[in-house]
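Q: What follows is the file start-v4.txt, containing compact mmCIF, C-alpha atoms:
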```txt
# COMPACT_ATOMS: atom_id res chain seq x y z
CA MET K 1 3.80 12.59 3.37
CA GLU K 2 3.93 14.90 6.40
CA MET K 3 4.73 14.02 9.98
CA GLU K 4 4.21 16.10 13.11
CA ILE K 5 5.49 15.17 16.54
CA SER K 6 4.08 16.46 19.82
CA GLU K 7 4.78 15.48 23.42
CA HIS K 8 2.16 13.69 25.47
CA GLY K 9 3.71 14.03 28.90
CA ALA K 10 7.02 12.49 29.83
CA ALA K 11 6.18 8.97 28.73
CA ALA K 12 4.56 9.31 25.32
CA ALA K 13 4.88 11.12 22.02
CA LYS K 14 2.13 11.64 19.48
CA ILE K 15 3.13 11.17 15.85
CA ALA K 16 0.55 12.57 13.48
CA LEU K 17 0.88 11.42 9.87
CA ARG K 18 -0.74 13.13 6.88
CA GLY K 19 -0.92 11.88 3.31
CA ARG K 20 -0.28 8.51 1.68
CA LEU K 21 1.69 5.98 3.72
CA ASP K 22 2.93 4.16 0.63
CA ALA K 23 6.39 3.61 -0.88
CA MET K 24 6.93 7.34 -1.43
CA GLY K 25 5.41 8.24 1.92
CA VAL K 26 7.66 5.81 3.76
CA GLU K 27 10.67 7.32 2.01
CA ASP K 28 9.58 10.76 3.25
CA ILE K 29 9.21 9.89 6.94
CA GLU K 30 11.11 6.67 7.70
CA THR K 31 14.19 8.22 9.32
CA ARG K 32 12.25 10.66 11.52
CA PHE K 33 9.59 8.08 12.36
CA THR K 34 12.02 5.39 13.50
CA SER K 35 14.23 7.84 15.40
CA THR K 36 11.21 9.32 17.22
CA ALA K 37 10.10 5.82 18.16
CA ALA K 38 13.59 5.12 19.51
CA THR K 39 13.53 7.87 22.15
CA GLY K 40 12.28 5.56 24.91
CA LYS K 41 8.72 6.94 24.88
CA HIS K 42 5.51 5.21 23.88
CA ALA K 43 4.28 6.27 20.45
CA LEU K 44 0.67 7.24 19.77
CA VAL K 45 0.41 7.23 16.00
CA ASP K 46 -2.44 9.40 14.71
CA LEU K 47 -3.63 7.96 11.39
CA SER K 48 -6.60 10.31 10.94
CA GLY K 49 -4.77 12.25 8.21
CA VAL K 50 -3.57 9.14 6.36
CA THR K 51 -5.54 8.80 3.14
CA ALA K 52 -4.07 5.44 2.05
CA ILE K 53 -1.74 2.78 3.37
CA THR K 54 0.07 0.05 1.44
CA SER K 55 2.19 -2.93 2.47
CA MET K 56 5.27 -0.68 2.52
CA GLY K 57 3.64 1.51 5.16
CA ILE K 58 2.48 -1.51 7.15
CA ARG K 59 6.02 -2.89 7.08
CA LEU K 60 7.31 0.35 8.60
CA LEU K 61 4.72 0.14 11.40
CA ILE K 62 5.51 -3.52 12.16
CA SER K 63 9.31 -3.16 12.11
CA THR K 64 9.16 -0.01 14.28
CA ALA K 65 6.71 -1.54 16.76
CA ARG K 66 8.97 -4.59 17.03
CA ALA K 67 12.03 -2.41 17.75
CA MET K 68 10.00 -0.50 20.37
CA ARG K 69 8.99 -3.69 22.12
CA HIS K 70 12.67 -4.53 22.52
CA ARG K 71 12.98 -1.20 24.38
CA ASN K 72 9.87 -1.95 26.47
CA THR K 73 7.84 0.79 24.86
CA LYS K 74 4.57 0.47 22.94
CA MET K 75 3.20 1.72 19.64
CA VAL K 76 -0.53 2.35 19.45
CA LEU K 77 -2.39 3.38 16.29
CA PHE K 78 -5.60 5.40 16.35
CA GLY K 79 -8.04 7.37 14.24
CA ALA K 80 -7.70 5.47 10.95
CA GLN K 81 -10.09 6.46 8.16
CA PRO K 82 -12.47 3.68 6.98
CA PHE K 83 -10.47 2.36 4.00
CA VAL K 84 -7.16 2.53 5.89
CA ASN K 85 -8.82 0.69 8.78
CA GLU K 86 -10.15 -1.91 6.37
CA THR K 87 -6.66 -2.39 4.90
CA LEU K 88 -5.15 -2.89 8.37
CA ASP K 89 -7.98 -5.31 9.14
CA HIS K 90 -7.23 -7.37 6.02
CA ILE K 91 -3.91 -8.37 7.53
CA SER K 92 -5.22 -8.54 11.13
CA LEU K 93 -2.71 -5.93 12.24
CA HIS K 94 -4.68 -5.43 15.47
CA HIS K 95 -3.43 -8.86 16.59
CA ILE K 96 0.08 -7.46 16.95
CA ILE K 97 -0.31 -3.65 17.24
CA PRO K 98 -3.28 -2.01 19.00
CA VAL K 99 -5.54 -0.22 16.49
CA LEU K 100 -7.94 2.05 18.37
CA THR K 101 -10.55 4.61 17.50
CA SER K 102 -9.61 7.63 19.60
CA GLU K 103 -6.58 9.36 21.04
CA ASP K 104 -8.04 9.00 24.56
CA GLU K 105 -8.21 5.22 24.15
CA ALA K 106 -4.65 5.15 22.83
CA LEU K 107 -3.39 7.23 25.75
CA ALA K 108 -5.23 5.08 28.28
CA LEU K 109 -3.62 1.96 26.81
CA VAL K 110 -0.04 3.19 27.06
CA ARG K 111 -0.68 4.47 30.60
CA ALA K 112 -2.13 1.13 31.71
CA MET F 113 11.26 10.89 -21.81
CA SER F 114 8.94 10.94 -18.83
CA ALA F 115 8.79 8.12 -16.30
CA THR F 116 5.38 7.17 -17.61
CA GLU F 117 3.66 7.43 -20.94
CA SER F 118 -0.07 7.24 -21.21
CA SER F 119 -2.80 7.25 -23.78
CA TYR F 120 -6.57 7.09 -23.81
CA SER F 121 -7.25 4.48 -26.46
CA MET F 122 -10.96 4.41 -25.67
CA HIS F 123 -13.30 6.62 -23.72
CA ASP F 124 -13.26 4.19 -20.82
CA GLN F 125 -9.77 2.77 -21.07
CA LEU F 126 -6.36 4.05 -19.97
CA THR F 127 -3.06 2.54 -21.00
CA LEU F 128 0.20 3.37 -19.23
CA ALA F 129 3.80 2.46 -19.98
CA LEU F 130 5.62 2.82 -16.68
CA ARG F 131 9.32 2.84 -16.01
CA SER F 132 10.12 0.23 -13.36
CA SER F 133 11.07 2.80 -10.74
CA LYS F 134 9.47 4.60 -7.79
CA ALA F 135 9.14 7.70 -9.96
CA GLY F 136 7.39 5.69 -12.67
CA LEU F 137 5.07 4.11 -10.11
CA GLU F 138 4.11 7.47 -8.57
CA GLU F 139 3.56 9.20 -11.89
CA GLY F 140 1.48 6.26 -13.11
CA ARG F 141 -0.62 6.30 -9.95
CA ARG F 142 -1.35 10.01 -10.34
CA GLN F 143 -2.38 9.58 -14.00
CA MET F 144 -4.55 6.63 -13.09
CA ARG F 145 -6.25 8.59 -10.28
CA SER F 146 -6.99 11.49 -12.65
CA PHE F 147 -8.50 9.04 -15.14
CA LEU F 148 -10.68 7.39 -12.48
CA GLU F 149 -11.82 10.74 -11.08
CA GLU F 150 -12.67 12.01 -14.56
CA HIS F 151 -14.95 8.99 -14.91
CA ALA F 152 -16.66 9.76 -11.59
CA LEU F 153 -15.74 6.56 -9.83
CA GLY F 154 -16.56 6.47 -6.14
CA ALA F 155 -13.83 7.15 -3.59
CA ARG F 156 -13.83 3.56 -2.34
CA ALA F 157 -13.42 2.09 -5.84
CA ILE F 158 -10.56 4.51 -6.54
CA GLN F 159 -8.86 3.54 -3.27
CA LYS F 160 -9.14 -0.14 -4.14
CA VAL F 161 -7.74 0.31 -7.66
CA GLU F 162 -4.88 2.46 -6.37
CA LEU F 163 -3.95 -0.14 -3.76
CA VAL F 164 -4.08 -3.03 -6.23
CA PHE F 165 -2.07 -1.01 -8.77
CA GLU F 166 0.60 0.05 -6.28
CA GLU F 167 1.06 -3.37 -4.69
CA THR F 168 1.25 -5.17 -8.03
CA VAL F 169 3.70 -2.74 -9.62
CA THR F 170 5.84 -2.50 -6.47
CA ASN F 171 6.16 -6.28 -6.41
CA ILE F 172 7.34 -6.32 -10.03
CA ILE F 173 9.85 -3.51 -9.42
CA GLN F 174 11.24 -5.19 -6.29
CA HIS F 175 11.26 -8.82 -7.37
CA GLY F 176 10.74 -9.05 -11.10
CA PHE F 177 14.15 -8.15 -12.43
CA ASP F 178 17.76 -9.14 -11.80
CA ALA F 179 19.52 -6.02 -12.94
CA LEU F 180 19.10 -2.43 -11.84
CA ALA F 181 18.37 -1.37 -15.41
CA GLU F 182 14.89 0.05 -15.85
CA HIS F 183 12.23 -1.93 -17.66
CA THR F 184 8.80 -1.00 -18.91
CA ILE F 185 5.65 -2.19 -17.18
CA GLU F 186 2.48 -1.86 -19.23
CA ILE F 187 -0.84 -1.22 -17.53
CA ARG F 188 -4.30 -1.18 -19.06
CA ILE F 189 -7.29 -0.08 -17.01
CA THR F 190 -10.75 -0.63 -18.46
CA LEU F 191 -13.98 0.55 -16.90
CA PHE F 192 -16.97 -1.74 -17.27
CA ALA F 193 -20.46 -1.17 -15.95
CA HIS F 194 -19.96 -3.07 -12.71
CA GLU F 195 -16.22 -3.63 -12.48
CA ILE F 196 -12.80 -2.26 -13.24
CA GLU F 197 -10.23 -4.43 -15.00
CA VAL F 198 -6.53 -3.85 -14.39
CA VAL F 199 -4.16 -5.70 -16.74
CA VAL F 200 -0.46 -5.62 -15.88
CA ASP F 201 2.13 -6.80 -18.43
CA ASP F 202 5.81 -7.12 -17.59
CA GLU F 203 8.92 -8.87 -18.86
CA GLY F 204 10.15 -9.83 -15.40
CA ARG F 205 10.79 -13.30 -14.05
CA PRO F 206 7.74 -15.56 -13.99
CA PHE F 207 5.44 -14.95 -11.03
CA ASP F 208 1.92 -16.33 -10.74
CA PRO F 209 0.09 -14.32 -8.05
CA VAL F 210 -2.92 -16.62 -8.35
CA ALA F 211 -1.00 -19.79 -7.52
CA ALA F 212 1.35 -18.25 -4.93
CA PRO F 213 0.65 -19.57 -1.41
CA GLU F 214 -1.37 -17.41 0.93
CA PRO F 215 1.00 -15.61 3.29
CA ALA F 216 0.46 -16.31 6.98
CA LEU F 217 -1.17 -13.54 8.96
CA PRO F 218 1.02 -12.22 11.78
CA SER F 219 0.27 -13.77 15.16
CA SER F 220 2.86 -11.86 17.19
CA LEU F 221 5.21 -8.94 16.64
CA GLU F 222 8.23 -11.19 16.92
CA ASP F 223 6.93 -13.68 14.37
CA ALA F 224 5.36 -11.17 11.98
CA LYS F 225 6.67 -11.61 8.47
CA VAL F 226 6.55 -8.49 6.36
CA GLY F 227 6.87 -10.31 3.03
CA GLY F 228 3.75 -11.25 1.10
CA LEU F 229 1.53 -8.56 2.59
CA GLY F 230 1.16 -6.81 -0.77
CA LEU F 231 -0.16 -9.92 -2.50
CA LEU F 232 -2.56 -10.50 0.35
CA LEU F 233 -3.93 -6.97 0.02
CA VAL F 234 -4.36 -7.41 -3.74
CA ARG F 235 -6.31 -10.62 -3.19
CA ARG F 236 -8.52 -9.05 -0.53
CA ASN F 237 -9.47 -6.19 -2.85
CA ALA F 238 -9.87 -8.22 -6.03
CA LYS F 239 -13.08 -9.76 -7.24
CA HIS F 240 -11.17 -12.03 -9.62
CA MET F 241 -7.53 -12.62 -10.64
CA ALA F 242 -5.99 -14.39 -13.61
CA TYR F 243 -2.42 -14.99 -14.73
CA ALA F 244 -0.74 -16.04 -17.96
CA ARG F 245 2.89 -16.35 -19.04
CA THR F 246 3.20 -15.80 -22.76
CA ALA F 247 6.29 -15.16 -24.90
CA GLY F 248 8.44 -14.44 -21.88
CA ARG F 249 6.02 -11.95 -20.36
CA ASN F 250 3.76 -12.04 -17.30
CA ARG F 251 0.18 -10.90 -17.74
CA THR F 252 -1.82 -10.45 -14.55
CA THR F 253 -5.48 -9.50 -14.85
CA ILE F 254 -7.24 -8.21 -11.76
CA THR F 255 -10.93 -7.37 -11.61
CA ILE F 256 -12.24 -5.01 -8.93
CA ALA F 257 -15.88 -4.26 -8.13
CA ARG F 258 -17.00 -0.67 -8.90
```
Output the structure of this file as structure tokens.

A:
Amino acid sequence: MEMEISEHGAAAAKIALRGRLDAMGVEDIETRFTSTAATGKHALVDLSGVTAITSMGIRLLISTARAMRHRNTKMVLFGAQPFVNETLDHISLHHIIPVLTSEDEALALVRA
Amino acid sequence: MSATESSYSMHDQLTLALRSSKAGLEEGRRQMRSFLEEHALGARAIQKVELVFEETVTNIIQHGFDALAEHTIEIRITLFAHEIEVVVDDEGRPFDPVAAPEPALPSSLEDAKVGGLGLLLVRRNAKHMAYARTAGRNRTTITIAR
């Protein structure tokens, strides 16, 4: 799995993921993902390049979002492909982490 | 010996013998995907089978065995006209995924439990599930719509 980080102003970072966010994918990105989310910025996680997500990937998102909340920062997910979106929906992830369609919506939410 | 051994015992059936490791899981998933693509299954059906396969095998690897020693997990995938059958055989501790209680959905970040999500995803993608414990082995049969 690949991960690309870009700045979104002083308050937010965009984390673009590409590939399968499964057990192997988590192993590939976990250290960089959690350390990026620990920088004190909001995280806009671009899922448009994620072709599959499993419970291991969802665990990483939940545990990182929880740690960010303790630092008063937010994680927002956006751009999920249909089957990834359906998988997130199966566990009602949107009840605890915002799952949005576009980057603009994600940015507006963290700026609100 | 590779992490996974496979054979095509029928035109529309794939059997895999996976090592109970991440490497075995990944190699098995790739072989399974090739098999499903060769049989022209739709992308959505392939995604469902992959998810069910990965969650089921991961659960066995993580919770099925006491020791770190590797075990073999046997998988048989059969393509029928309207459904795909995934049969998973393992010698791990007894676990009935059909009778296991439904995990609670997370209501807040603080309360969110990360355990049980895999089983929930298997159930949501399965058309039917069955379980049997025979001669010290678990057999889980999962049917997925094509």

Q: Please report as CSV every residue of chain F lying within 6 Å of chain K, along with the nearest atom pair and their distance in Å (one decimal), using all atoms listed in the file.

A:
```
residue,atom,partner,partner_atom,distance
F:Ser220,CA,K:Ile96,CA,5.2
F:Leu221,CA,K:Ile96,CA,5.3
F:Val226,CA,K:Arg59,CA,5.7
F:Leu229,CA,K:Ser55,CA,5.7
F:Gly230,CA,K:Ser55,CA,5.2
```

Q: Please, which residues are within 12 Å of (-21.5, -7.6, -4.2) by the file's coordinates, counting only C-alpha atoms, and could they come as JSON, numbers by chain?

A: {"F": [194, 195, 238, 239, 256, 257, 258]}

Q: Pick out the closest residue to F:Glu197 from this set: F:Glu138, F:Glu167, F:Asp124, F:Glu150. Count only C-alpha atoms.

A: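 Of the candidates, the smallest distance to F:Glu197 is held by F:Asp124.
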
Q: I'd like the contact shell of K:Glu103 - 10 Å cut-off, only C-alpha atoms, skipping same-chain residues fewer than 2 positions apart - returned as a VMD selection string.

A: chain K and resid 14 44 to 46 76 to 79 100 to 101 105 to 109

Q: Find the spatial neighbours of K:Asp28, counting all atoms listed in the file, within a cut-off of 8 Å - ignore same-chain residues fewer than 3 positions away - and output them as a list in words.

A: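 Answer for this query is Met1, Glu2, Met24 and Gly25 of chain K.
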
Q: Write a file of the just-selected residues containing C-alpha atoms, as a PDB file, keeping the file's coordinate frame.

A:
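Output (result_22.pdb):
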```
ATOM      1  CA  MET K   1       3.800  12.590   3.370  1.00  0.00           C
ATOM      2  CA  GLU K   2       3.930  14.900   6.400  1.00  0.00           C
ATOM      3  CA  MET K  24       6.930   7.340  -1.430  1.00  0.00           C
ATOM      4  CA  GLY K  25       5.410   8.240   1.920  1.00  0.00           C
TER       5      GLY K  25
END
```

Q: State, in Å with one decimal place, the distance from atom CA of K:Ala12 to atom CA of F:Glu222.

A: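 We find that atom CA of K:Ala12 and atom CA of F:Glu222 lie 22.5 Å from each other.
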
Q: Which distance in Å separates atom CA of K:Gly49 and atom CA of K:Asn85, to one decimal?

A: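 Between these atoms lies a distance of 12.3 Å.
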
Q: Write out as JSON an axis-aligned box for stretch 72-80 of chain K: all of its atoms listed in the file, 3 Å added on each side, centre and edge lengths in Å with one decimal.

A:
```
{"center_x": 0.9, "center_y": 2.7, "center_z": 18.7, "size_x": 23.9, "size_y": 15.3, "size_z": 21.5}
```

Q: Using all atoms listed in the file, which residues sit within 9 Å of stretch 163-165 of chain F once same-chain residues fewer than 2 positions away are excluded, as a VMD selection string?

A: (chain K and resid 52 to 54) or (chain F and resid 137 141 158 to 161 167 to 170 187 198 200 230 to 231 233 to 235 237 to 238 254 256)

Q: Taking all atoms listed in the file into account, name the residue in F:Glu166, F:Glu214, F:Asp208, F:Asp201 that is nearest to F:Ser133.

A: F:Glu166

Q: Find the residue from K:Ser6, K:Thr31, K:Ala16, K:Met68 that sits nearest to K:Val50; use all atoms listed in the file when measuring.

A: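 The shortest atom-to-atom distance to K:Val50 comes from K:Ala16.
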
Q: From the set F:Thr127, F:Leu191, F:Gly204, F:Ser146, which residue has the shortest atom-to-atom contact distance to F:Gly176, counting only C-alpha atoms?

A: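 Closest to F:Gly176 of all the choices is F:Gly204.
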
Q: Let me make sure I understand: among F:Arg188, F:Lys225, F:Arg249, F:Arg236, which one has the smallest atom-to-atom distance to F:Arg205 if we use all atoms listed in the file?

A: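 Among the listed residues, the smallest separation from F:Arg205 belongs to F:Arg249.
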
Q: Find, counting only C-alpha atoms, the residue in F:Ala181, F:Thr253, F:Ala224, F:Gln125 that gets nearest to F:Val199.

A: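 Smallest distance to F:Val199 is found for F:Thr253.
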
Q: Could I see stretch 43-54 of chain K restored to all heavy atoms, set down as a PDB file, keeping the file's coordinate frame?

A:
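File result_27.pdb, as written:
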```
ATOM      1  N   ALA K  43       4.650   5.494  21.642  1.00  0.00           N
ATOM      2  CA  ALA K  43       4.280   6.270  20.450  1.00  0.00           C
ATOM      3  C   ALA K  43       2.786   6.107  20.168  1.00  0.00           C
ATOM      4  O   ALA K  43       2.297   4.984  19.994  1.00  0.00           O
ATOM      5  CB  ALA K  43       5.092   5.809  19.250  1.00  0.00           C
ATOM      6  N   LEU K  44       2.076   7.227  20.164  1.00  0.00           N
ATOM      7  CA  LEU K  44       0.670   7.240  19.770  1.00  0.00           C
ATOM      8  C   LEU K  44       0.642   7.737  18.322  1.00  0.00           C
ATOM      9  O   LEU K  44       0.947   8.904  18.070  1.00  0.00           O
ATOM     10  CB  LEU K  44      -0.140   8.199  20.650  1.00  0.00           C
ATOM     11  CG  LEU K  44       0.055   8.090  22.170  1.00  0.00           C
ATOM     12  CD1 LEU K  44      -0.778   9.145  22.890  1.00  0.00           C
ATOM     13  CD2 LEU K  44      -0.340   6.711  22.647  1.00  0.00           C
ATOM     14  N   VAL K  45       0.334   6.861  17.412  1.00  0.00           N
ATOM     15  CA  VAL K  45       0.410   7.230  16.000  1.00  0.00           C
ATOM     16  C   VAL K  45      -0.985   7.593  15.497  1.00  0.00           C
ATOM     17  O   VAL K  45      -1.889   6.750  15.433  1.00  0.00           O
ATOM     18  CB  VAL K  45       1.016   6.085  15.153  1.00  0.00           C
ATOM     19  CG1 VAL K  45       1.132   6.505  13.691  1.00  0.00           C
ATOM     20  CG2 VAL K  45       2.377   5.681  15.712  1.00  0.00           C
ATOM     21  N   ASP K  46      -1.151   8.865  15.168  1.00  0.00           N
ATOM     22  CA  ASP K  46      -2.440   9.400  14.710  1.00  0.00           C
ATOM     23  C   ASP K  46      -2.551   9.185  13.193  1.00  0.00           C
ATOM     24  O   ASP K  46      -1.835   9.814  12.404  1.00  0.00           O
ATOM     25  CB  ASP K  46      -2.487  10.890  15.052  1.00  0.00           C
ATOM     26  CG  ASP K  46      -3.798  11.548  14.637  1.00  0.00           C
ATOM     27  OD1 ASP K  46      -4.639  10.874  14.004  1.00  0.00           O
ATOM     28  OD2 ASP K  46      -3.971  12.740  14.945  1.00  0.00           O
ATOM     29  N   LEU K  47      -3.460   8.282  12.817  1.00  0.00           N
ATOM     30  CA  LEU K  47      -3.630   7.960  11.390  1.00  0.00           C
ATOM     31  C   LEU K  47      -4.789   8.723  10.753  1.00  0.00           C
ATOM     32  O   LEU K  47      -5.135   8.450   9.596  1.00  0.00           O
ATOM     33  CB  LEU K  47      -3.877   6.447  11.229  1.00  0.00           C
ATOM     34  CG  LEU K  47      -2.759   5.495  11.673  1.00  0.00           C
ATOM     35  CD1 LEU K  47      -3.200   4.045  11.484  1.00  0.00           C
ATOM     36  CD2 LEU K  47      -1.480   5.753  10.887  1.00  0.00           C
ATOM     37  N   SER K  48      -5.378   9.659  11.473  1.00  0.00           N
ATOM     38  CA  SER K  48      -6.600  10.310  10.940  1.00  0.00           C
ATOM     39  C   SER K  48      -6.333  11.082   9.653  1.00  0.00           C
ATOM     40  O   SER K  48      -7.234  11.290   8.846  1.00  0.00           O
ATOM     41  CB  SER K  48      -7.229  11.216  11.997  1.00  0.00           C
ATOM     42  OG  SER K  48      -6.325  12.243  12.368  1.00  0.00           O
ATOM     43  N   GLY K  49      -5.087  11.514   9.438  1.00  0.00           N
ATOM     44  CA  GLY K  49      -4.770  12.250   8.210  1.00  0.00           C
ATOM     45  C   GLY K  49      -4.185  11.358   7.122  1.00  0.00           C
ATOM     46  O   GLY K  49      -3.791  11.858   6.054  1.00  0.00           O
ATOM     47  N   VAL K  50      -4.141  10.058   7.363  1.00  0.00           N
ATOM     48  CA  VAL K  50      -3.570   9.140   6.360  1.00  0.00           C
ATOM     49  C   VAL K  50      -4.673   8.719   5.387  1.00  0.00           C
ATOM     50  O   VAL K  50      -5.673   8.128   5.781  1.00  0.00           O
ATOM     51  CB  VAL K  50      -2.939   7.902   7.045  1.00  0.00           C
ATOM     52  CG1 VAL K  50      -2.469   6.888   6.019  1.00  0.00           C
ATOM     53  CG2 VAL K  50      -1.778   8.345   7.940  1.00  0.00           C
ATOM     54  N   THR K  51      -4.491   9.047   4.134  1.00  0.00           N
ATOM     55  CA  THR K  51      -5.540   8.800   3.140  1.00  0.00           C
ATOM     56  C   THR K  51      -5.426   7.423   2.491  1.00  0.00           C
ATOM     57  O   THR K  51      -6.379   6.939   1.895  1.00  0.00           O
ATOM     58  CB  THR K  51      -5.478   9.873   2.038  1.00  0.00           C
ATOM     59  OG1 THR K  51      -4.137   9.917   1.513  1.00  0.00           O
ATOM     60  CG2 THR K  51      -5.825  11.240   2.600  1.00  0.00           C
ATOM     61  N   ALA K  52      -4.251   6.786   2.603  1.00  0.00           N
ATOM     62  CA  ALA K  52      -4.070   5.440   2.050  1.00  0.00           C
ATOM     63  C   ALA K  52      -2.859   4.811   2.712  1.00  0.00           C
ATOM     64  O   ALA K  52      -1.913   5.512   3.086  1.00  0.00           O
ATOM     65  CB  ALA K  52      -3.862   5.505   0.535  1.00  0.00           C
ATOM     66  N   ILE K  53      -2.909   3.491   2.849  1.00  0.00           N
ATOM     67  CA  ILE K  53      -1.740   2.780   3.370  1.00  0.00           C
ATOM     68  C   ILE K  53      -1.522   1.537   2.513  1.00  0.00           C
ATOM     69  O   ILE K  53      -2.483   0.899   2.086  1.00  0.00           O
ATOM     70  CB  ILE K  53      -1.925   2.419   4.865  1.00  0.00           C
ATOM     71  CG1 ILE K  53      -0.619   1.871   5.461  1.00  0.00           C
ATOM     72  CG2 ILE K  53      -3.067   1.425   5.073  1.00  0.00           C
ATOM     73  CD1 ILE K  53      -0.623   1.826   6.983  1.00  0.00           C
ATOM     74  N   THR K  54      -0.260   1.243   2.235  1.00  0.00           N
ATOM     75  CA  THR K  54       0.070   0.050   1.440  1.00  0.00           C
ATOM     76  C   THR K  54       0.967  -0.856   2.294  1.00  0.00           C
ATOM     77  O   THR K  54       1.313  -0.529   3.433  1.00  0.00           O
ATOM     78  CB  THR K  54       0.820   0.431   0.154  1.00  0.00           C
ATOM     79  OG1 THR K  54       2.116   0.930   0.510  1.00  0.00           O
ATOM     80  CG2 THR K  54       0.063   1.472  -0.651  1.00  0.00           C
TER      81      THR K  54
END
```
